[in-house]
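What follows is a single structure, written as structure tokens, with notes after it.
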Amino acid sequence: MSLSVDIRRSLGGFDLHTTFDAPEGVTVLFGRSGSGKTSVVKSVAGLVTPQQGKITVNGRVLFDRETHTDLPVHKRRLGYVFQDSRLFPHLSVRDNLCYAARVSSRGATDPRQVGDLLGISHLLDRRPHSLSGGEAQRVAIGRALLSAPDMLLMDEPLASLDGPRKAEILPYLETLRRETGLSILYVTHNMAEVARLATHIVLIDEGRVVRSGAPEEVLTDPDMVRLLGIRDAGAVLSAIVAEHLPDGLSALAISAGKLFLPAVDAPVGAKLRVRILAQDVILARSRPEGLSALNILPVRVLAVRRGEGPGVIVQLQAGEDRLLARITRRSADALGIVEGADCFAVMKSVAVSQTDIAVGLQTGL
Amino acid sequence: MSLSVDIRRSLGGFDLHTTFDAPEGVTVLFGRSGSGKTSVVKSVAGLVTPQQGKITVNGRVLFDRETHTDLPVHKRRLGYVFQDSRLFPHLSVRDNLCYAARVSSRGATDPRQVGDLLGISHLLDRRPHSLSGGEAQRVAIGRALLSAPDMLLMDEPLASLDGPRKAEILPYLETLRRETGLSILYVTHNMAEVARLATHIVLIDEGRVVRSGAPEEVLTDPDMVRLLGIRDAGAVLSAIVAEHLPDGLSALAISAGKLFLPAVDAPVGAKLRVRILAQDVILARSRPEGLSALNILPVRVLAVRRGEGPGVIVQLQAGEDRLLARITRRSADALGIVEGADCFAVMKSVAVSQTDIAVGLQTGL
Amino acid sequence: MIDWLGPDEWQAVALSLKVSLWATLLSLPFGLICALALARGRFFGREVLNWLVHLPLVLPPVVTGYLLLLGFGRQGPIGSLLDSLFGITLAFQWTGAALAASIMAFPLMVRAMRLAIEAVDPKLEEAAATLGASRLRVFSTVTLPLILPGIIAGVVLAFAKAMGEFGATITFVSNIPGETRTVPSAIYAFLQVPGGESSALRLVGVAVAIAIGALILSEWLSRKIAHRISGT
Amino acid sequence: MIDWLGPDEWQAVALSLKVSLWATLLSLPFGLICALALARGRFFGREVLNWLVHLPLVLPPVVTGYLLLLGFGRQGPIGSLLDSLFGITLAFQWTGAALAASIMAFPLMVRAMRLAIEAVDPKLEEAAATLGASRLRVFSTVTLPLILPGIIAGVVLAFAKAMGEFGATITFVSNIPGETRTVPSAIYAFLQVPGGESSALRLVGVAVAIAIGALILSEWLSRKIAHRISGT
Amino acid sequence: KADDLTVFAAASLGDAMNALATLWTKETGQDITLVLAGSSTLARQVDAGAPADVMVSANDAWMDWLVEQGRVEVESRVDVASNRLVIVAYDPAAASRDIITAQTDIVGELGAEGRLAIALPEAVPAGIYAKTALTHLGLWDGLSARLAPTDNVRAALALVALGEAPLGVVYATDAQSDRRVVIAGVLPDDSHPQIRYPAAVVSDSRNAPAATRFVAWLADEAAQEIFARFGFLPIGPGE
Ligand SMILES: Nc1ncnc2c1ncn2[C@@H]1O[C@H](COP(=O)(O)OP(=O)(O)OP(=O)(O)O)[C@@H](O)[C@H]1O
Ligand SMILES: Nc1ncnc2c1ncn2[C@@H]1O[C@H](COP(=O)(O)OP(=O)(O)OP(=O)(O)O)[C@@H](O)[C@H]1O
Ligand SMILES: [Mg+2]
Ligand SMILES: [Mg+2]
């Protein structure tokens, strides 16, 4: 276990009582505003002290009420990216980035690589007050990265970044994690970030963990659909890169057959995770012909959940994997989609886009 | 014209030169981080003074270099929601909300309605320092709303809110606009917010307006796809509510036929806008049968844009409207999708969700 | 306790309190205006105002007293003006003692307030303006409450300083029992004669107790307000 | 210019500068520690420390000088201890004048620094800690640079006050030419004899010029640093 | 140098002591360091072990106190100068060398508002002498509510010089030098104890022989001439 949290803390009517174990990789803390995500992250960082409990990172005990262990913040070796950027106003961007190297033996002294990556190299000689909100937050991320932490804590780090920048930074966080084994505890409201980054999800509500597990499980659990938001429901499949095709597509082998995606940046044989949103799946009783959608998989209906709205969530068995589909009740009735029915799932290849592919890890898959 | 901006301002290497006219409704300023969005909004509010130019709101001149007009901030009657919440730390949440009423004759004194709406009624007696980031921002929004402004300026107001909260607040902003005729200048990175709220879009890049127009035009312009981000490309159609069906669907009449959507909250006969993402559209040469997708429209191919990737953007004529579809080159070749070809566009009804429906206005449609 | 100090000494204590209170309260608005001008003003002569305000801190008090005498005395230009226009006489009156005390305490008051004003986040004032508050309203509803701890600190510091002021006061308004004989003047008188130390020390005790009481009160008030604001 | 003041007067000016500089520099670390303790400390006796620091502001300077004489004189408990342990004598030495000046200036220095420390956003210090900085490092790399304007303000204010200090100095270490006869003491001596006013006024001019020079320098420095930090 | 002397002298003697020091140095080659402050300050400092060789006080009280404390050599004590109290006025028309008597209408001279500037009558030597004298003349009760007491006699002089107080009681030495005031009357010598400036050798003096010689020299003719030049009176035959 990379991170193990078991804490209790009451403050002014809000009662935090959070227990979860997170494996290596990216653990996403997900929950509504005011549910206690920041409080958990602060407890791990040592910025607030829980009244009860124990926190360990990679087996290192950071806090243990029982043994009166309470490592000071600067010895916890955790990089914290705050909701607000908290840049040092008296230092240039460069000195902000290299701050960790200056105050400890850990940090890196060359900000260029990280600077290029976050698109802040041209800002190195500027001062924080002249940066826009997004620029400041990128510098804050770079500063935490350059402190060479055992684990990164990120509290909605991308909330103030625009889409293209997010898309640029996300793969770097993945690379980082893959190449350095760096684990991340990541707070976000954004499902795309969850899907892209999470190797583990902790759903938190009113200070309590309501679900903790691999994205494959948590995201494909029809019971979680309401908590996650209907638009964000979807399944995560394991896949292996089978072939890179000349027309810019890649074929991925999954247990139910083949998926065609826009070229993925992974060698043949690499393990991947693929996320397919429930609303992107069309069902047909017979194999449809002459469609622009390339991916058609034979599936069997496992369960049909009716909600209050006009839609139903259909859980499907696709080979050894599970899929979710969201269709109208009208269609379900018209096509006879009932438990045990065999049918075909139609997905546009492009609906499974780059940002929903996470290059796989041994852990969490 | 509700808002007319024509300003020039240079600061430390950054050159703002922004000119646009925005109709009533919600004008979304969209652009990457550091492109100058906040600078424009601040100029309108009077917090920074442009070196050149003129700004009018509803015909009222706020700033005019020529005539040396420069209304002070508090006389501009604009409600500003900042990127950071800027709550008054010495006042309770209630007093923050009622601040405008206290200092001017304009504001409303009863915070309950707005409080309930933003989910902050239980916080009224709290102090700002004890609020979570999202809670604070909701209070800031409420405070600006309660100042009864001529126009709202919102600088990424929802960036720190979670999905469900966003979804709760967005319709309120729409209602507000509809019922009070309140115009909003809205800065966001988030395409969902753009699609949901915008009656006008101003695309800004490096301080300059690259495109300004109705969402129908801007979003369906294949040339804009790159700037907007490929995943967010899509078309906006005008529709009229035709029928509310008993199984929770609504039928909308569009120029090309009928669309079935989850029940929309508008009376029969109401005008709506419907956004259909390019990636949610499947093309078929012959009308497909036995699919769970309810919406199948006959269309004609207007243009096929090949990009660098494996995908192509297909612009389609659907009745009098235009649609965009993103499919793979492989499918385009296999199905013979070329200019002038007749085919069918397949869309899942549920792919057009609540949040992509904007209840229509006379203006901007 | 009543016996512990003689009636003359009680009179000095009462007078010191009166003089210091008036000195502090009357200089409050001017101090606030000065602090605002120094913190926010961008006018010509700002530097000059700044060092004028600081002058009493730097000068030996006797010199300040002498200058006051030159300016505010019966024959002094300001003194005679005040006299002819409003019939106000400062010389040899407790009001003059209050003037001397307030001038000596002024730099302390202004500094404390100025620092508080400079610490106010202008972003909050911007926000208030967008909500329709005129500059005056912004000041009274945002700036003022936020600098309240600084104002209290400034006022109390000025009060404490006024309680201890001696050199300028005695030079300007002399040492008239019941009128201008404040506690420090009384202490001085005791110290001038052999064996007067114990009487002097009793008065020192009273002065210190009052000043410390005021300081503790101000700390407590500031803390309370700060708590309301930041919750820490 | 050289002729304008006599050699004795130049000596007094030079001595005042020496005494004030040493007084300021030596009290700097203590002032900083006190300010930190008062701003951040949560210890028992914090209030007591606070009012001890403020005492010289409240007391008539003569009393402070008298108390110093009692404590730090040759016969005084601290004075004799310092003498026997380290061979340091303060009584009637310029070092004693520096002590008196620094004690009188101490409250001003501590207040300025304390306010600056309280204005530092603890969130920045938290951020520094998460980046691996120990408390000491956080202080030296974040807190200290951010409070630098406050430190400068405190130091310069203390310096100006030390330049003007008279009552405590003359009472504690007397008025020995070349050793403890600072500018204010010289002014006093001039004022005590018939016809000395013009000499006194010349010295006042010098003292004011030096103090104002220091104040202007500090304003300028603070502004420069503040500009680097906030860009305003 | 070993023979150099440090002389603690009441500040009001400053000018005269300066001239005396110069002369002494010329005669003996010994430098004199002159330390000027209020008598009370100097006395307490001598008591606290100040490095003084000679103490010259502005009144008997502090010298008596030092004797009590055993801080000065009693045998060396000698009065070196005397002074006279005068009433000074701001108004040049009031100039007069008349002796103040019980009939003098000082209150009348003060006018309706005016105050009599005076050094602190219960604390500062000049004030104590003045109070004694005015009491002796039976004028005190009428004046006690019309006083402007100051911390030292120079400040009283300044009040008159600036016209803040129409009249003041000061030493003759102070009155003669300030052209802004005129002497309006002289307090009779017999109305108060003789104004004396006693000098003595400090017990801890590291240079007692020279100090003893210096104190004795102050009473000599040459020194007395200098005192006279600054307006001081010669020491009369004590009472
Ligand atoms: N000092 C305090 N007094 C009372 N309640 C507090 C205090 N600090 C935090 N809370 C409450 O604790 C809860 C959790 O706050 P926290 O900041 O951890 O939420 P969050 O999940 O990070 O929210 P967001 O997504 O809006 O940032 C909130 O309801 C907040 O109001
Ligand atoms: N004082 C300044 N000196 C130099 N450049 C500045 C200054 N203030 C702003 N800028 C620059 O102006 C540009 C526009 O800033 P602005 O805050 O308007 O961007 P934005 O579009 O709101 O960005 P974001 O989405 O990150 O909030 C940025 O490149 C910023 O670096
Ligand atoms: Mg949070
Ligand atoms: Mg911005």
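For the structure tokens, the naming scheme is as follows: chains receive sequential letters (A, B, ...) according to their order of presentation, residues are indexed from 1 within each chain, and ligands are indexed from 1 in presentation order.
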If you fit chain D onto chain C using every C-alpha atom, paired in order, what RMSD in Å do you get? 0.3 Å
At a cut-off of 8 Å, which residues of chain D touch chain C? Count only C-alpha atoms and give the answer as a list of chain:residue names.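 Going by the stated atoms only, the list reads D:Glu47, D:Trp51, D:Leu55, D:Leu57, D:Val58, D:Leu59, D:Pro60, D:Val62, D:Val63, D:Leu115, D:Ala119, D:Ala160, D:Lys161, D:Ala162, D:Met163, D:Gly164, D:Glu165, D:Phe166, D:Pro184, D:Val204, D:Ala207, D:Val208, D:Ala211, D:Ile212, D:Leu215, D:Ile216.
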How many Å separate atom CA of B:Ile337 from atom CA of B:Gly311? 12.6 Å
Excluding same-chain residues fewer than 5 positions from B:Ser121, what lies within 8 Å of it counting only C-alpha atoms, as a list of chain:residue names?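 Non-adjacent residues within range: B:Arg112, B:Gly115, B:Asp116.
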Can you pull out every residue within 8 Å of B:Ala159, counting only C-alpha atoms, but drop anything in the same chain fewer than 5 positions away, and send it as a ChimeraX atom specification? /A:159-160 /B:188
Protein and nucleic acid residues within 6 Å of ligand 1 (only C-alpha atoms and all ligand atoms) as a VMD selection string: (chain A and resid 11 to 12 14 32 to 39) or (chain B and resid 130 to 135)
Where does chain D meet chain A within 6 Å, residue by residue, with the nearest atom pair and distance in Å to one decimal for each, counting only C-alpha atoms, listed by chain and rising number, as JSON lines?
{"residue": "D:Leu124", "atom": "CA", "partner": "A:Arg86", "partner_atom": "CA", "distance": 5.8}
{"residue": "D:Ala129", "atom": "CA", "partner": "A:His74", "partner_atom": "CA", "distance": 4.7}
{"residue": "D:Thr130", "atom": "CA", "partner": "A:His74", "partner_atom": "CA", "distance": 5.3}
{"residue": "D:Leu131", "atom": "CA", "partner": "A:Ala100", "partner_atom": "CA", "distance": 5.3}
{"residue": "D:Gly132", "atom": "CA", "partner": "A:His74", "partner_atom": "CA", "distance": 4.2}
{"residue": "D:Ala133", "atom": "CA", "partner": "A:Val103", "partner_atom": "CA", "distance": 5.3}
{"residue": "D:Ser134", "atom": "CA", "partner": "A:His74", "partner_atom": "CA", "distance": 5.7}
{"residue": "D:Ile229", "atom": "CA", "partner": "A:His90", "partner_atom": "CA", "distance": 4.6}
{"residue": "D:Ser230", "atom": "CA", "partner": "A:His129", "partner_atom": "CA", "distance": 5.9}
Limited to N, CA, C and O atoms, could you put the picked residues into a file as a CSV table (one decimal), in the first residue's frame?
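The resulting file, part-v5.csv, is shown below:
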chain,number,residue,atom,x,y,z
D,124,LEU,N,1.9,30.8,3.0
D,124,LEU,CA,3.2,30.7,2.2
D,124,LEU,C,4.2,29.9,3.0
D,124,LEU,O,5.0,29.2,2.5
D,129,ALA,N,7.1,24.8,3.9
D,129,ALA,CA,7.3,23.5,4.7
D,129,ALA,C,7.1,22.3,3.8
D,129,ALA,O,7.9,21.4,3.9
D,130,THR,N,6.0,22.3,3.0
D,130,THR,CA,5.8,21.2,2.2
D,130,THR,C,6.9,21.0,1.2
D,130,THR,O,7.0,19.9,0.7
D,131,LEU,N,7.6,22.0,0.9
D,131,LEU,CA,8.7,21.9,-0.1
D,131,LEU,C,10.0,21.4,0.6
D,131,LEU,O,11.1,21.4,0.0
D,132,GLY,N,9.9,21.1,1.9
D,132,GLY,CA,11.1,20.5,2.6
D,132,GLY,C,11.9,21.5,3.4
D,132,GLY,O,12.9,21.2,3.9
D,133,ALA,N,11.3,22.7,3.6
D,133,ALA,CA,12.1,23.7,4.4
D,133,ALA,C,11.8,23.5,5.9
D,133,ALA,O,10.6,23.5,6.3
D,134,SER,N,12.8,23.3,6.7
D,134,SER,CA,12.6,23.3,8.2
D,134,SER,C,12.1,24.6,8.7
D,134,SER,O,12.1,25.6,7.9
D,229,ILE,N,8.1,42.8,-4.4
D,229,ILE,CA,7.2,41.8,-4.0
D,229,ILE,C,5.9,41.8,-4.6
D,229,ILE,O,5.4,40.9,-5.2
D,230,SER,N,5.2,43.0,-4.6
D,230,SER,CA,3.9,43.0,-5.1
D,230,SER,C,3.7,43.7,-6.4
D,230,SER,O,2.6,43.7,-7.0
Go through C:Asn175, C:Thr180, C:Ser84, C:Gln93 one by one, measure the shortest atom-to-atom distance of each to chain E using only C-alpha atoms, and give the residue with the smallest value.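 Selected residue with least distance to chain E: C:Asn175.
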For a test of reading the model, state the distance in Å between atom CA of A:Lys271 and atom CA of A:Phe20, rounded to one decimal.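 These atoms are spaced 26.7 Å apart.
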Select all residues from chain D having any atom no more than 7 Å from an atom of chain E (counting only C-alpha atoms, ignoring ligands), output as a PyMOL selection string. chain D and resi 73-75+92+171+175-177+189+192-195
Could you tell me how far atom CA of E:Asn18 sits from atom CA of E:Ala126, in Å to one decimal place?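 We find that atom CA of E:Ala126 and atom CA of E:Asn18 lie 21.5 Å from each other.
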Please identify all polymer residues within 9 Å of C:Leu38, counting only C-alpha atoms, omitting same-chain residues fewer than 4 positions from it, and present them as a PDB file with C-alpha atoms, in the first residue's frame.
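Output file part_2.pdb is given in full below:
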ATOM      1  CA  ILE C  33      -6.276  61.031   7.825  1.00  0.00           C
ATOM      2  CA  CYS C  34      -2.500  61.288   7.975  1.00  0.00           C
ATOM      3  CA  ARG C  42       0.172  59.936  -4.222  1.00  0.00           C
ATOM      4  CA  ARG C  46       3.924  63.219   0.876  1.00  0.00           C
ATOM      5  CA  GLU C  47       7.509  62.767   2.009  1.00  0.00           C
ATOM      6  CA  LEU C  49       4.283  65.188   5.609  1.00  0.00           C
ATOM      7  CA  ASN C  50       5.892  61.904   6.535  1.00  0.00           C
ATOM      8  CA  VAL C 110       0.075  57.271  12.608  1.00  0.00           C
ATOM      9  CA  ARG C 114      -0.563  53.319   8.412  1.00  0.00           C
TER      10      ARG C 114
END
Could you please write out, as a PyMOL selection string, every residue of stretch 95-151 of chain E that DSSP assigns to helix (DSSP H, G or I)? chain E and resi 106-110+125-136+140-146
Okay, now the selection with C-alpha atoms, as a tab-separated table (two decimals), in the first residue's frame?
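Writing the result to again.tsv gives the following:
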chain	number	residue	atom	x	y	z
E	106	ILE	CA	3.61	91.50	41.57
E	107	VAL	CA	0.09	90.21	41.08
E	108	GLY	CA	-0.86	93.54	39.66
E	109	GLU	CA	2.09	93.44	37.29
E	110	LEU	CA	1.01	90.04	36.08
E	125	PRO	CA	16.91	75.03	43.69
E	126	ALA	CA	16.01	78.34	42.04
E	127	GLY	CA	12.37	77.61	42.73
E	128	ILE	CA	12.99	76.69	46.33
E	129	TYR	CA	14.94	79.90	46.91
E	130	ALA	CA	12.26	81.94	45.16
E	131	LYS	CA	9.50	80.40	47.20
E	132	THR	CA	11.37	81.06	50.42
E	133	ALA	CA	12.02	84.64	49.43
E	134	LEU	CA	8.48	85.39	48.34
E	135	THR	CA	7.12	83.73	51.42
E	136	HIS	CA	9.43	85.79	53.53
E	140	TRP	CA	3.74	83.92	48.20
E	141	ASP	CA	0.13	83.32	49.11
E	142	GLY	CA	-1.03	85.88	46.59
E	143	LEU	CA	1.14	84.37	43.89
E	144	SER	CA	0.86	80.65	44.45
E	145	ALA	CA	-2.16	80.36	42.20
E	146	ARG	CA	-0.52	82.45	39.50
Give me, as an MDAnalysis selection string, all polymer residues having an atom no more than 10 Å from E:Arg97, counting only C-alpha atoms and skipping those fewer than 4 positions away in the same chain. chainID E and resid 86:87 182:187
Got time to write the residues from that selection, C-alpha atoms, as a CSV table (one decimal), in the first residue's frame?
chain,number,residue,atom,x,y,z
E,86,VAL,CA,15.8,88.7,40.2
E,87,ILE,CA,12.5,89.2,38.6
E,182,VAL,CA,14.7,93.1,31.4
E,183,ILE,CA,15.3,92.9,35.1
E,184,ALA,CA,12.3,94.3,36.8
E,185,GLY,CA,13.4,93.9,40.4
E,186,VAL,CA,15.8,92.1,42.7
E,187,LEU,CA,14.8,89.8,45.5
Please identify all polymer residues within 7 Å of stretch 16-19 of chain C, counting only C-alpha atoms, omitting same-chain residues fewer than 2 positions from it, and present them as a PyMOL selection string. chain C and resi 12-14+21-23+94+97-98+163+182-183
Just asking: which residues within stretch 254-303 of chain A are strand (DSSP E or B) according to DSSP, as a PyMOL selection string? chain A and resi 254+257-262+271-277+282-284+291+295-303
